[in-house]
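> Next comes the structure file model_18.csv, holding CSV, C-alpha atoms and all ligand atoms.
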chain,number,residue,atom,x,y,z
Z,26,MET,CA,16.3,-5.8,15.2
Z,27,ASN,CA,17.6,-9.1,13.8
Z,28,GLU,CA,18.4,-9.2,10.2
Z,29,PRO,CA,15.8,-11.3,8.3
Z,30,LEU,CA,16.9,-14.7,7.2
Z,31,PHE,CA,15.8,-14.1,3.6
Z,32,LYS,CA,15.5,-10.9,1.6
Z,33,PHE,CA,13.2,-10.0,-1.3
Z,34,GLY,CA,11.9,-6.9,-3.0
Z,35,GLN,CA,15.3,-5.2,-2.8
Z,36,ILE,CA,18.8,-5.5,-4.2
Z,37,VAL,CA,20.6,-8.3,-2.5
Z,38,GLU,CA,24.3,-8.7,-1.9
Z,39,GLY,CA,26.8,-10.7,0.1
Z,40,GLU,CA,25.3,-13.5,2.2
Z,41,TYR,CA,21.9,-12.9,0.6
Z,42,PHE,CA,23.3,-13.4,-2.9
Z,43,CYS,CA,23.1,-16.9,-4.3
Z,44,ASN,CA,25.6,-18.1,-6.9
Z,45,ARG,CA,25.4,-16.5,-10.4
Z,46,ALA,CA,29.1,-17.4,-10.6
Z,47,THR,CA,29.0,-17.8,-14.4
Z,48,GLU,CA,27.0,-14.6,-15.0
Z,49,LEU,CA,29.2,-12.6,-12.7
Z,50,ALA,CA,32.4,-13.9,-14.4
Z,51,ASP,CA,30.9,-13.2,-17.9
Z,52,LEU,CA,29.8,-9.7,-17.0
Z,53,ALA,CA,33.1,-8.8,-15.4
Z,54,ARG,CA,35.1,-10.2,-18.3
Z,55,MET,CA,33.1,-8.2,-20.9
Z,56,LEU,CA,33.3,-5.0,-18.9
Z,57,GLN,CA,37.0,-5.4,-18.2
Z,58,GLY,CA,37.5,-6.0,-21.9
Z,59,GLY,CA,35.9,-2.6,-22.5
Z,60,ALA,CA,32.6,-3.9,-23.9
Z,61,SER,CA,29.1,-2.6,-23.1
Z,62,VAL,CA,26.5,-5.2,-22.2
Z,63,TRP,CA,22.7,-5.4,-22.4
Z,64,VAL,CA,20.9,-7.6,-19.8
Z,65,TYR,CA,17.4,-8.8,-20.1
Z,66,SER,CA,15.6,-10.9,-17.6
Z,67,PRO,CA,11.9,-11.0,-16.4
Z,68,ARG,CA,11.1,-8.8,-13.4
Z,69,ARG,CA,12.8,-9.6,-10.2
Z,70,TYR,CA,15.3,-12.2,-11.5
Z,71,GLY,CA,18.2,-10.4,-10.0
Z,72,LYS,CA,19.6,-8.0,-12.7
Z,73,SER,CA,20.2,-5.1,-10.3
Z,74,SER,CA,21.7,-7.5,-7.6
Z,75,LEU,CA,24.0,-9.1,-10.2
Z,76,VAL,CA,25.2,-5.7,-11.4
Z,77,ARG,CA,25.8,-4.4,-7.9
Z,78,THR,CA,27.7,-7.6,-6.9
Z,79,CYS,CA,29.8,-7.4,-10.1
Z,80,PHE,CA,30.6,-3.8,-9.5
Z,81,GLY,CA,31.6,-4.6,-5.9
Z,82,GLY,CA,34.2,-7.0,-7.2
Z,83,MET,CA,35.8,-4.5,-9.6
Z,84,ASP,CA,39.1,-2.9,-8.6
Z,85,PRO,CA,38.3,0.7,-7.6
Z,86,SER,CA,41.7,1.9,-8.6
Z,87,THR,CA,41.0,0.9,-12.2
Z,88,PHE,CA,37.2,1.3,-12.4
Z,89,LEU,CA,34.7,3.9,-11.3
Z,90,THR,CA,31.2,2.4,-11.3
Z,91,VAL,CA,27.9,4.3,-11.5
Z,92,GLU,CA,24.5,2.9,-10.9
Z,93,ILE,CA,21.5,4.8,-12.2
Z,94,ASP,CA,17.9,3.7,-12.2
Z,95,LEU,CA,15.9,5.1,-15.2
Z,96,TYR,CA,12.6,3.9,-13.9
Z,97,ALA,CA,11.1,7.4,-13.5
Z,98,THR,CA,12.2,8.6,-16.9
Z,99,ARG,CA,9.3,10.0,-18.9
Z,100,SER,CA,11.1,12.9,-20.7
Z,101,THR,CA,14.6,14.2,-21.4
Z,102,THR,CA,14.2,16.6,-18.5
Z,103,ASP,CA,13.6,13.6,-16.2
Z,104,LEU,CA,16.6,11.8,-17.7
Z,105,THR,CA,18.9,14.8,-17.2
Z,106,ARG,CA,17.8,15.1,-13.6
Z,107,ILE,CA,18.2,11.4,-12.9
Z,108,LEU,CA,21.7,11.3,-14.5
Z,109,LEU,CA,22.9,14.3,-12.6
Z,110,ALA,CA,21.7,12.9,-9.3
Z,111,GLY,CA,23.4,9.6,-10.2
Z,112,PHE,CA,26.7,11.1,-11.1
Z,113,ALA,CA,26.7,13.3,-8.0
Z,114,ARG,CA,26.2,10.2,-5.8
Z,115,THR,CA,29.1,8.5,-7.5
Z,116,LEU,CA,31.4,11.4,-7.1
Z,117,GLN,CA,30.6,11.5,-3.5
Z,118,ALA,CA,30.9,7.8,-2.9
Z,119,HIS,CA,34.2,7.5,-4.7
Z,120,LEU,CA,35.9,10.6,-3.5
Z,121,GLY,CA,34.9,10.0,0.1
Z,122,THR,CA,34.1,13.5,1.2
Z,123,VAL,CA,31.5,15.9,-0.2
Z,124,ASP,CA,34.2,18.7,-0.2
Z,125,LYS,CA,36.4,16.8,-2.6
Z,126,ALA,CA,33.5,15.8,-4.6
Z,127,LEU,CA,32.4,19.4,-4.8
Z,128,ASP,CA,35.8,20.6,-6.1
Z,129,PHE,CA,35.9,17.8,-8.6
Z,130,ALA,CA,32.4,18.6,-9.8
Z,131,ARG,CA,33.2,22.3,-10.3
Z,132,ASP,CA,36.1,21.3,-12.5
Z,133,LEU,CA,34.1,18.7,-14.3
Z,134,LEU,CA,31.6,20.7,-16.1
Z,135,ALA,CA,31.3,24.5,-16.0
Z,136,ALA,CA,27.7,24.5,-16.8
Z,137,LEU,CA,26.8,22.5,-13.7
Z,138,ARG,CA,26.0,24.1,-10.4
Z,139,PRO,CA,27.3,21.8,-7.7
Z,140,ALA,CA,26.0,22.3,-4.2
Z,141,ILE,CA,26.0,20.7,-0.9
Z,142,THR,CA,22.5,20.0,0.6
Z,143,LEU,CA,21.5,17.9,3.6
Z,144,ASP,CA,19.6,14.7,2.9
Z,145,PRO,CA,16.6,13.7,5.1
Z,146,SER,CA,18.9,12.1,7.6
Z,147,GLY,CA,21.0,15.3,7.9
Z,148,GLN,CA,24.0,13.9,6.0
Z,149,PRO,CA,25.7,16.3,3.6
Z,150,GLN,CA,25.0,15.4,0.0
Z,151,LEU,CA,26.4,16.6,-3.3
Z,152,THR,CA,23.9,17.8,-5.8
Z,153,LEU,CA,24.5,18.8,-9.4
Z,154,GLU,CA,22.2,21.1,-11.2
Z,155,ARG,CA,22.3,22.7,-14.6
Z,156,ARG,CA,23.1,26.4,-14.5
Z,157,GLU,CA,20.7,27.3,-17.2
Z,158,PRO,CA,18.5,24.4,-18.1
Z,159,SER,CA,18.1,25.5,-21.7
Z,160,GLN,CA,21.8,26.0,-22.3
Z,161,VAL,CA,23.0,22.6,-21.4
Z,162,GLU,CA,22.2,19.9,-23.9
Z,163,LEU,CA,21.4,16.4,-22.8
Z,164,GLU,CA,24.5,15.3,-24.8
Z,165,GLU,CA,26.7,17.3,-22.5
Z,166,ILE,CA,25.3,15.5,-19.5
Z,167,LEU,CA,25.6,12.2,-21.3
Z,168,ASP,CA,29.2,13.0,-21.8
Z,169,LEU,CA,29.9,13.3,-18.0
Z,170,PRO,CA,31.1,9.7,-17.7
Z,171,ALA,CA,33.8,10.3,-20.3
Z,172,ARG,CA,34.9,13.5,-18.5
Z,173,LEU,CA,34.9,11.6,-15.3
Z,174,ALA,CA,37.0,8.8,-16.8
Z,175,GLU,CA,39.5,11.4,-18.0
Z,176,ARG,CA,39.6,13.3,-14.7
Z,177,ALA,CA,39.8,10.3,-12.5
Z,178,ASP,CA,42.1,8.5,-14.9
Z,179,ARG,CA,40.1,5.3,-14.6
Z,180,ARG,CA,37.6,3.4,-16.8
Z,181,VAL,CA,34.0,4.3,-15.9
Z,182,VAL,CA,31.3,1.7,-16.0
Z,183,VAL,CA,27.7,3.1,-16.0
Z,184,ALA,CA,24.8,0.8,-15.2
Z,185,LEU,CA,21.5,2.1,-16.6
Z,186,ASP,CA,18.8,0.1,-14.9
Z,187,GLU,CA,15.3,-0.1,-16.3
Z,188,PHE,CA,16.8,1.0,-19.6
Z,189,GLN,CA,13.6,0.1,-21.6
Z,190,GLU,CA,12.1,3.3,-20.2
Z,191,ILE,CA,14.1,5.3,-22.8
Z,192,ASP,CA,11.8,3.8,-25.4
Z,193,ARG,CA,9.2,6.3,-24.2
Z,194,ILE,CA,11.3,9.2,-25.6
Z,195,ASP,CA,11.3,9.5,-29.4
Z,196,GLY,CA,14.7,9.2,-31.0
Z,197,LEU,CA,16.6,8.9,-27.7
Z,198,ASP,CA,18.2,5.6,-28.5
Z,199,ALA,CA,19.9,7.2,-31.6
Z,200,ARG,CA,21.1,10.2,-29.5
Z,201,LEU,CA,22.5,7.8,-26.8
Z,202,ARG,CA,24.3,5.7,-29.5
Z,203,SER,CA,26.0,8.6,-31.0
Z,204,VAL,CA,27.3,9.9,-27.6
Z,205,PHE,CA,28.2,6.4,-26.2
Z,206,GLN,CA,30.2,5.3,-29.2
Z,207,GLN,CA,32.6,8.1,-28.8
Z,208,GLN,CA,33.4,7.3,-25.2
Z,209,SER,CA,36.4,5.0,-25.4
Z,210,ARG,CA,36.9,4.8,-21.6
Z,211,VAL,CA,33.3,4.2,-20.7
Z,212,SER,CA,31.3,1.0,-20.7
Z,213,TYR,CA,27.6,0.6,-20.1
Z,214,VAL,CA,25.5,-2.1,-18.6
Z,215,LEU,CA,21.9,-1.6,-19.9
Z,216,CYS,CA,19.3,-3.6,-18.0
Z,217,GLY,CA,15.7,-4.1,-18.7
Z,218,SER,CA,12.8,-6.4,-17.9
Z,219,LYS,CA,10.6,-6.1,-21.0
Z,220,ARG,CA,11.9,-8.6,-23.5
Z,221,HIS,CA,10.2,-7.2,-26.6
Z,222,LEU,CA,11.4,-3.6,-25.9
Z,223,MET,CA,14.9,-4.7,-25.1
Z,224,GLU,CA,15.1,-7.0,-28.1
Z,225,ARG,CA,13.8,-4.3,-30.3
Z,226,MET,CA,16.4,-1.9,-29.1
Z,227,PHE,CA,19.4,-4.2,-29.2
Z,228,ALA,CA,18.7,-7.1,-31.5
Z,229,ASP,CA,16.8,-5.5,-34.4
Z,230,ARG,CA,19.2,-4.9,-37.2
Z,231,GLY,CA,17.8,-1.5,-38.0
Z,232,ALA,CA,17.8,-0.2,-34.4
Z,233,PRO,CA,20.3,2.5,-33.5
Z,234,LEU,CA,21.7,0.5,-30.6
Z,235,TYR,CA,22.0,-2.7,-32.7
Z,236,GLY,CA,25.5,-4.0,-32.3
Z,237,PHE,CA,26.4,-1.5,-29.6
Z,238,ALA,CA,26.4,-3.9,-26.7
Z,239,ARG,CA,27.1,-7.6,-25.9
Z,240,HIS,CA,24.2,-9.6,-24.6
Z,241,LEU,CA,24.0,-11.3,-21.2
Z,242,GLU,CA,21.0,-13.5,-20.5
Z,243,ILE,CA,20.1,-14.3,-16.9
Z,244,GLY,CA,17.6,-17.0,-16.1
Z,245,PRO,CA,16.3,-18.7,-12.9
Z,246,ILE,CA,19.0,-19.9,-10.5
Z,247,GLU,CA,19.8,-23.7,-10.6
Z,248,LYS,CA,18.2,-25.9,-8.0
Z,249,SER,CA,21.5,-27.2,-6.6
Z,250,GLU,CA,22.7,-23.6,-6.0
Z,251,TRP,CA,19.4,-22.8,-4.2
Z,252,LEU,CA,19.7,-25.9,-2.1
Z,253,ALA,CA,23.1,-24.9,-0.9
Z,254,TYR,CA,22.0,-21.3,-0.3
Z,255,LEU,CA,18.9,-22.2,1.6
Z,256,THR,CA,20.7,-24.8,3.7
Z,257,GLN,CA,23.4,-22.3,4.6
Z,258,ARG,CA,20.9,-19.4,5.4
Z,259,LEU,CA,18.9,-21.7,7.7
Z,260,ALA,CA,22.0,-23.1,9.3
Z,261,SER,CA,23.0,-19.5,10.2
Z,262,ALA,CA,19.9,-19.5,12.4
Z,263,SER,CA,20.7,-23.0,13.7
Z,264,LEU,CA,17.9,-24.6,11.6
Z,265,THR,CA,18.0,-27.7,9.6
Z,266,VAL,CA,15.3,-28.6,7.1
Z,267,ASP,CA,14.9,-31.8,5.1
Z,268,PRO,CA,16.3,-31.1,1.6
Z,269,ASP,CA,13.2,-32.6,0.0
Z,270,LEU,CA,11.2,-29.8,1.6
Z,271,LEU,CA,13.7,-27.2,0.4
Z,272,GLU,CA,13.3,-28.7,-3.1
Z,273,MET,CA,9.6,-28.3,-2.8
Z,274,VAL,CA,10.0,-24.6,-2.0
Z,275,ILE,CA,12.4,-24.1,-5.0
Z,276,ASP,CA,10.0,-26.0,-7.3
Z,277,LEU,CA,7.0,-24.0,-6.2
Z,278,ALA,CA,8.9,-20.9,-7.1
Z,279,GLY,CA,10.3,-22.4,-10.3
Z,280,GLY,CA,13.8,-21.2,-9.3
Z,281,HIS,CA,12.6,-17.6,-9.6
Z,282,PRO,CA,15.0,-15.6,-7.3
Z,283,HIS,CA,12.5,-13.2,-5.7
Z,284,TYR,CA,10.0,-16.0,-5.0
Z,285,VAL,CA,12.4,-18.5,-3.8
Z,286,GLN,CA,13.5,-16.0,-1.1
Z,287,LEU,CA,9.9,-15.1,-0.3
Z,288,PHE,CA,8.7,-18.7,-0.1
Z,289,ALA,CA,11.7,-19.6,2.0
Z,290,GLN,CA,10.7,-16.8,4.4
Z,291,HIS,CA,7.2,-18.3,4.6
Z,292,LEU,CA,8.8,-21.7,5.3
Z,293,LYS,CA,10.8,-20.2,8.1
Z,294,GLU,CA,7.6,-18.9,9.6
Z,295,LEU,CA,6.0,-22.3,9.5
Z,296,ILE,CA,9.0,-23.7,11.3
Z,297,ASP,CA,8.7,-21.0,13.9
Z,298,ARG,CA,5.0,-21.9,14.3
Z,299,GLU,CA,6.0,-25.5,14.8
Z,300,VAL,CA,3.8,-26.7,12.0
Z,301,ASP,CA,4.3,-30.4,11.3
Z,302,PRO,CA,6.7,-30.8,8.3
Z,303,SER,CA,4.3,-33.2,6.7
Z,304,ARG,CA,1.9,-30.3,6.2
Z,305,PHE,CA,4.5,-27.7,5.0
Z,306,GLU,CA,3.6,-27.9,1.3
Z,307,GLU,CA,-0.2,-27.5,1.9
Z,308,GLU,CA,0.4,-24.7,4.4
Z,309,LEU,CA,2.9,-23.0,2.2
Z,310,ILE,CA,0.5,-22.9,-0.7
Z,311,ALA,CA,-2.3,-21.6,1.5
Z,312,VAL,CA,-0.1,-18.8,2.9
Z,313,ILE,CA,1.2,-17.8,-0.6
Z,314,LEU,CA,-2.3,-17.7,-2.1
Z,315,ALA,CA,-3.7,-15.8,0.8
Z,316,SER,CA,-1.0,-13.2,0.9
Z,317,GLN,CA,-1.1,-12.6,-2.9
Z,318,GLU,CA,-4.8,-13.1,-3.4
Z,319,SER,CA,-5.9,-9.5,-3.7
Z,320,ALA,CA,-3.1,-8.4,-6.0
Z,321,THR,CA,-3.6,-11.5,-8.2
Z,322,ARG,CA,-7.4,-10.9,-8.4
Z,323,LEU,CA,-6.9,-7.3,-9.3
Z,324,PHE,CA,-4.6,-8.3,-12.1
Z,325,LEU,CA,-6.9,-11.0,-13.3
Z,326,ASP,CA,-9.9,-8.6,-13.3
Z,327,GLY,CA,-8.1,-6.4,-15.8
Z,328,LEU,CA,-7.8,-9.2,-18.4
Z,329,THR,CA,-10.2,-10.0,-21.2
Z,330,SER,CA,-11.9,-13.4,-20.9
Z,331,ALA,CA,-9.7,-14.7,-23.8
Z,332,GLN,CA,-6.5,-13.7,-22.0
Z,333,LEU,CA,-7.7,-15.2,-18.8
Z,334,ASN,CA,-8.7,-18.5,-20.5
Z,335,VAL,CA,-5.4,-18.7,-22.4
Z,336,LEU,CA,-3.5,-18.3,-19.1
Z,337,ARG,CA,-5.6,-21.0,-17.4
Z,338,VAL,CA,-4.8,-23.4,-20.2
Z,339,ILE,CA,-1.1,-22.7,-20.1
Z,340,ALA,CA,-1.1,-22.9,-16.3
Z,341,SER,CA,-2.7,-26.4,-16.6
Z,342,GLY,CA,0.3,-27.6,-18.6
Z,343,THR,CA,-0.8,-27.1,-22.2
Z,344,ARG,CA,2.0,-24.8,-23.3
Z,345,SER,CA,2.0,-25.2,-27.1
Z,346,GLY,CA,-0.4,-25.6,-29.9
Z,347,LEU,CA,-2.8,-23.0,-28.5
Z,348,LEU,CA,-3.9,-22.0,-31.9
Z,349,SER,CA,-4.7,-25.5,-33.1
Z,350,GLU,CA,-8.3,-26.6,-33.5
Z,351,THR,CA,-7.8,-29.5,-31.1
Z,352,VAL,CA,-6.6,-27.4,-28.2
Z,353,ARG,CA,-9.1,-24.6,-28.9
Z,354,THR,CA,-12.0,-27.1,-29.0
Z,355,ARG,CA,-10.8,-29.0,-25.9
Z,356,PHE,CA,-10.6,-25.9,-23.8
Z,357,ALA,CA,-13.4,-23.9,-25.5
Z,358,LEU,CA,-11.0,-21.2,-26.5
Z,359,PRO,CA,-12.2,-18.5,-29.0
Z,360,ALA,CA,-11.2,-18.1,-32.7
Z,361,THR,CA,-7.5,-18.3,-33.7
Z,362,SER,CA,-7.2,-14.6,-34.2
Z,363,THR,CA,-8.6,-13.9,-30.7
Z,364,VAL,CA,-6.2,-16.4,-29.1
Z,365,GLN,CA,-3.4,-15.0,-31.1
Z,366,SER,CA,-4.0,-11.4,-30.0
Z,367,ALA,CA,-4.4,-12.5,-26.4
Z,368,LEU,CA,-1.1,-14.3,-26.5
Z,369,LYS,CA,0.6,-11.4,-28.1
Z,370,SER,CA,-0.6,-8.9,-25.5
Z,371,LEU,CA,0.2,-11.2,-22.6
Z,372,TYR,CA,3.7,-11.6,-24.0
Z,373,ALA,CA,4.2,-7.9,-24.6
Z,374,HIS,CA,3.2,-7.2,-21.0
Z,375,GLY,CA,5.7,-9.7,-19.6
Z,376,VAL,CA,3.1,-12.1,-18.3
Z,377,LEU,CA,4.1,-14.8,-20.6
Z,378,ASP,CA,7.4,-15.8,-22.1
Z,379,GLN,CA,7.8,-17.9,-25.2
Z,380,LEU,CA,10.8,-20.2,-25.8
Z,381,GLU,CA,11.1,-22.8,-28.5
Z,382,GLY,CA,7.4,-22.6,-29.3
Z,383,GLU,CA,6.3,-23.1,-25.7
Z,384,TYR,CA,4.6,-20.5,-23.6
Z,385,ARG,CA,5.2,-20.2,-19.9
Z,386,LEU,CA,3.9,-18.0,-17.1
Z,387,LEU,CA,6.6,-15.8,-15.7
Z,388,ASP,CA,5.1,-15.3,-12.3
Z,389,PRO,CA,5.0,-18.5,-10.2
Z,390,VAL,CA,2.3,-17.1,-7.9
Z,391,LEU,CA,0.0,-16.4,-10.8
Z,392,GLU,CA,0.6,-19.9,-12.1
Z,393,LEU,CA,-0.1,-21.4,-8.7
Z,394,TYR,CA,-3.3,-19.3,-8.3
Z,395,LEU,CA,-4.6,-20.4,-11.7
Z,396,LYS,CA,-3.8,-24.0,-11.0
Z,397,GLU,CA,-5.3,-24.0,-7.5
Z,398,ARG,CA,-8.3,-21.7,-7.9
Z,399,LEU,CA,-9.1,-21.5,-11.6
Z,400,ALA,CA,-8.1,-24.9,-13.0
Z,401,VAL,CA,-9.5,-25.7,-16.4
C,501,LIG,N1,21.6,-14.0,-6.9
C,501,LIG,C1,20.6,-13.9,-6.0
C,501,LIG,N2,20.6,-14.6,-4.9
C,501,LIG,C2,19.5,-14.6,-4.1
C,501,LIG,N3,18.4,-13.9,-4.3
C,501,LIG,C3,18.4,-13.1,-5.4
C,501,LIG,C4,19.4,-13.1,-6.3
C,501,LIG,N4,19.1,-12.2,-7.3
C,501,LIG,C5,17.9,-11.8,-7.0
C,501,LIG,N5,17.4,-12.3,-5.9
C,501,LIG,C6,16.1,-12.1,-5.3
C,501,LIG,O1,15.3,-11.4,-6.2
C,501,LIG,C7,14.9,-10.1,-5.7
C,501,LIG,C8,14.9,-9.1,-6.9
C,501,LIG,O2,16.3,-8.9,-7.2
C,501,LIG,P1,16.7,-7.6,-8.1
C,501,LIG,O3,16.0,-6.4,-7.6
C,501,LIG,O4,18.2,-7.7,-8.2
C,501,LIG,O5,16.0,-8.1,-9.5
C,501,LIG,P2,15.8,-7.3,-10.8
C,501,LIG,O6,15.8,-8.2,-11.9
C,501,LIG,O7,16.7,-6.1,-10.8
C,501,LIG,O8,14.3,-6.8,-10.6
C,501,LIG,P3,13.5,-5.6,-11.3
C,501,LIG,O9,13.1,-6.2,-12.7
C,501,LIG,O10,12.3,-5.4,-10.5
C,501,LIG,O11,14.4,-4.5,-11.4
C,501,LIG,C9,15.8,-9.8,-4.6
C,501,LIG,O12,15.2,-9.1,-3.6
C,501,LIG,C10,16.1,-11.2,-4.0
C,501,LIG,O13,15.1,-11.7,-3.2
C,502,MG,MG,16.3,-4.0,-11.0
Rewrite the coordinates I just gave you, this time as structure tokens.

Amino acid sequence: MNEPLFKFGQIVEGEYFCNRATELADLARMLQGGASVWVYSPRRYGKSSLVRTCFGGMDPSTFLTVEIDLYATRSTTDLTRILLAGFARTLQAHLGTVDKALDFARDLLAALRPAITLDPSGQPQLTLERREPSQVELEEILDLPARLAERADRRVVVALDEFQEIDRIDGLDARLRSVFQQQSRVSYVLCGSKRHLMERMFADRGAPLYGFARHLEIGPIEKSEWLAYLTQRLASASLTVDPDLLEMVIDLAGGHPHYVQLFAQHLKELIDREVDPSRFEEELIAVILASQESATRLFLDGLTSAQLNVLRVIASGTRSGLLSETVRTRFALPATSTVQSALKSLYAHGVLDQLEGEYRLLDPVLELYLKERLAV
């Protein structure tokens, strides 16, 4: 099967990875300098892709990199299991063979029971289990990167993706801090997509992780970078598209990485169907709305009417002053306190972002849907 021209909904690398030159350089510099870094961005802005690309560029003779996704963490037992699986994968990947990895793991921690199992495709795979679950403390598992660094005589960089999930476990941030700060040869990249949780963990003066890590902000990708990327991807399939049309695609997605790739794929399909370019915009909007309609409706059905109306007003372009009498009267919004709690909850759930007093919708499809179907 041919590789798709655009990729979305998964980590992207190599020819599917657009720019991020500054963010890559900043992240690499901080990690090489021995710092830990926390990275917030809204969902699907490219945190995981950025980290993987950065890790791919680090010298393996100096750095051992580990990528662990904490998404499924609901308890310390989950965390232990996820960390062990992640470290096992790293050992295997870095040492090349499962046998070497097995020896290494046996040495690494006496309380672990390393074993070789077959994965679903029949490939041998190293697994690490605790010998006696109750006897091994989470702290000991958390200390694995430091032991790994010592044994491998390299710095270890551990990416903990979806880090905000640790907030579900009471007191875990303090336990992490006390282990992490003793690990002089280990750095962490802590990524999350819930602004209020990430900020509470890292930017609140009283929080245990306050001051532990440097901050890296990643935003939408610049239009000029997208233009170059889209032009080059299309050229790889011998296609040329008027830059104005490419700009239209980028603008529709607001530069949002996942949606630029998704919309570009829709555009490619319009080209394949030989739709007249003068109708691209209209067709593209129709395809986007049709393909996302049921998910969008499901989401909107779960909102209170105050939340829905606030979103409609913001989507129509009124991004500030939502609590003022003028705006509330003009759009028939409810009482200040109701609007305020609607905004607060939409922000907490990552539907809205607020910067310099202006609200904006984070999901360009939702914005498009509200503008096209539920305009105020
Ligand atoms: N640098 C990039 N160049 C091109 N596309 C990108 C880039 N970064 C992200 N994308 C697009 O965004 C999608 C999501 O990327 P990724 O999974 O890295 O984001 P994320 O922020 O980790 O998402 P989540 O919050 O869901 O974990 C990718 O599948 C790809 O379509
Ligand atoms: Mg991710």
> Counting all atoms listed in the file, which of Z:Ala184, Z:Ile310, Z:Val37, Z:Leu333 gets nearest to Leu395 (chain Z)?
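Distance minimum relative to Leu395 (chain Z) lands on Z:Leu333.
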> What do you get as a ChimeraX atom specification if you pick all residues at most 8 Å from ligand MG 502 (chain C), counting all atoms listed in the file?
/Z:36,68-69,71-74,94,186-187,216-217
> Keeping only C-alpha atoms, write those residues as an mmCIF file, keeping the file's coordinate frame.

data_model
loop_
_atom_site.group_PDB
_atom_site.id
_atom_site.type_symbol
_atom_site.label_atom_id
_atom_site.label_comp_id
_atom_site.auth_asym_id
_atom_site.auth_seq_id
_atom_site.Cartn_x
_atom_site.Cartn_y
_atom_site.Cartn_z
ATOM 1 C CA ILE Z 36 18.800 -5.500 -4.200
ATOM 2 C CA ARG Z 68 11.100 -8.800 -13.400
ATOM 3 C CA ARG Z 69 12.800 -9.600 -10.200
ATOM 4 C CA GLY Z 71 18.200 -10.400 -10.000
ATOM 5 C CA LYS Z 72 19.600 -8.000 -12.700
ATOM 6 C CA SER Z 73 20.200 -5.100 -10.300
ATOM 7 C CA SER Z 74 21.700 -7.500 -7.600
ATOM 8 C CA ASP Z 94 17.900 3.700 -12.200
ATOM 9 C CA ASP Z 186 18.800 0.100 -14.900
ATOM 10 C CA GLU Z 187 15.300 -0.100 -16.300
ATOM 11 C CA CYS Z 216 19.300 -3.600 -18.000
ATOM 12 C CA GLY Z 217 15.700 -4.100 -18.700
#
> Neighbours of Val312 (chain Z) within 8 Å (only C-alpha atoms; same-chain residues fewer than 4 positions away dropped), as a list in words?
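Residues near the query, excluding close chain neighbours: His291, Glu308 and Ser316 of chain Z.
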> Using all atoms listed in the file, which protein or nucleic acid residues come within 10 Å of Glu92 (chain Z)? Drop anything in the same chain fewer than 2 positions from it, and give the result as a PyMOL selection string.
chain Z and resi 73+76-77+80+90+94-95+108+111-112+114-115+182-186+213-214
> For CA of Asp132 (chain Z) and CA of Glu175 (chain Z), determine how far apart the two atoms are, in Å to one decimal place.
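CA of Glu175 (chain Z) lies 11.8 Å from CA of Asp132 (chain Z).
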> Within 10 Å of ligand LIG 501 (chain C) (counting only C-alpha atoms and all ligand atoms), which residues show up? I'd like them as a compact mmCIF listing (two decimals) with C-alpha atoms, in the frame of the given file.

# COMPACT_ATOMS: atom_id res chain seq x y z
CA PHE Z 31 15.80 -14.10 3.60
CA LYS Z 32 15.50 -10.90 1.60
CA PHE Z 33 13.20 -10.00 -1.30
CA GLY Z 34 11.90 -6.90 -3.00
CA GLN Z 35 15.30 -5.20 -2.80
CA ILE Z 36 18.80 -5.50 -4.20
CA VAL Z 37 20.60 -8.30 -2.50
CA GLU Z 38 24.30 -8.70 -1.90
CA GLY Z 39 26.80 -10.70 0.10
CA GLU Z 40 25.30 -13.50 2.20
CA TYR Z 41 21.90 -12.90 0.60
CA PHE Z 42 23.30 -13.40 -2.90
CA CYS Z 43 23.10 -16.90 -4.30
CA ASN Z 44 25.60 -18.10 -6.90
CA ARG Z 45 25.40 -16.50 -10.40
CA ALA Z 46 29.10 -17.40 -10.60
CA GLU Z 48 27.00 -14.60 -15.00
CA LEU Z 49 29.20 -12.60 -12.70
CA VAL Z 64 20.90 -7.60 -19.80
CA TYR Z 65 17.40 -8.80 -20.10
CA SER Z 66 15.60 -10.90 -17.60
CA PRO Z 67 11.90 -11.00 -16.40
CA ARG Z 68 11.10 -8.80 -13.40
CA ARG Z 69 12.80 -9.60 -10.20
CA TYR Z 70 15.30 -12.20 -11.50
CA GLY Z 71 18.20 -10.40 -10.00
CA LYS Z 72 19.60 -8.00 -12.70
CA SER Z 73 20.20 -5.10 -10.30
CA SER Z 74 21.70 -7.50 -7.60
CA LEU Z 75 24.00 -9.10 -10.20
CA VAL Z 76 25.20 -5.70 -11.40
CA ARG Z 77 25.80 -4.40 -7.90
CA THR Z 78 27.70 -7.60 -6.90
CA ASP Z 94 17.90 3.70 -12.20
CA TYR Z 96 12.60 3.90 -13.90
CA ASP Z 186 18.80 0.10 -14.90
CA GLU Z 187 15.30 -0.10 -16.30
CA CYS Z 216 19.30 -3.60 -18.00
CA GLY Z 217 15.70 -4.10 -18.70
CA SER Z 218 12.80 -6.40 -17.90
CA LYS Z 219 10.60 -6.10 -21.00
CA ILE Z 243 20.10 -14.30 -16.90
CA GLY Z 244 17.60 -17.00 -16.10
CA PRO Z 245 16.30 -18.70 -12.90
CA ILE Z 246 19.00 -19.90 -10.50
CA GLU Z 250 22.70 -23.60 -6.00
CA TRP Z 251 19.40 -22.80 -4.20
CA TYR Z 254 22.00 -21.30 -0.30
CA LEU Z 255 18.90 -22.20 1.60
CA GLY Z 280 13.80 -21.20 -9.30
CA HIS Z 281 12.60 -17.60 -9.60
CA PRO Z 282 15.00 -15.60 -7.30
CA HIS Z 283 12.50 -13.20 -5.70
CA TYR Z 284 10.00 -16.00 -5.00
CA VAL Z 285 12.40 -18.50 -3.80
CA GLN Z 286 13.50 -16.00 -1.10
CA LEU Z 287 9.90 -15.10 -0.30
CA PHE Z 288 8.70 -18.70 -0.10
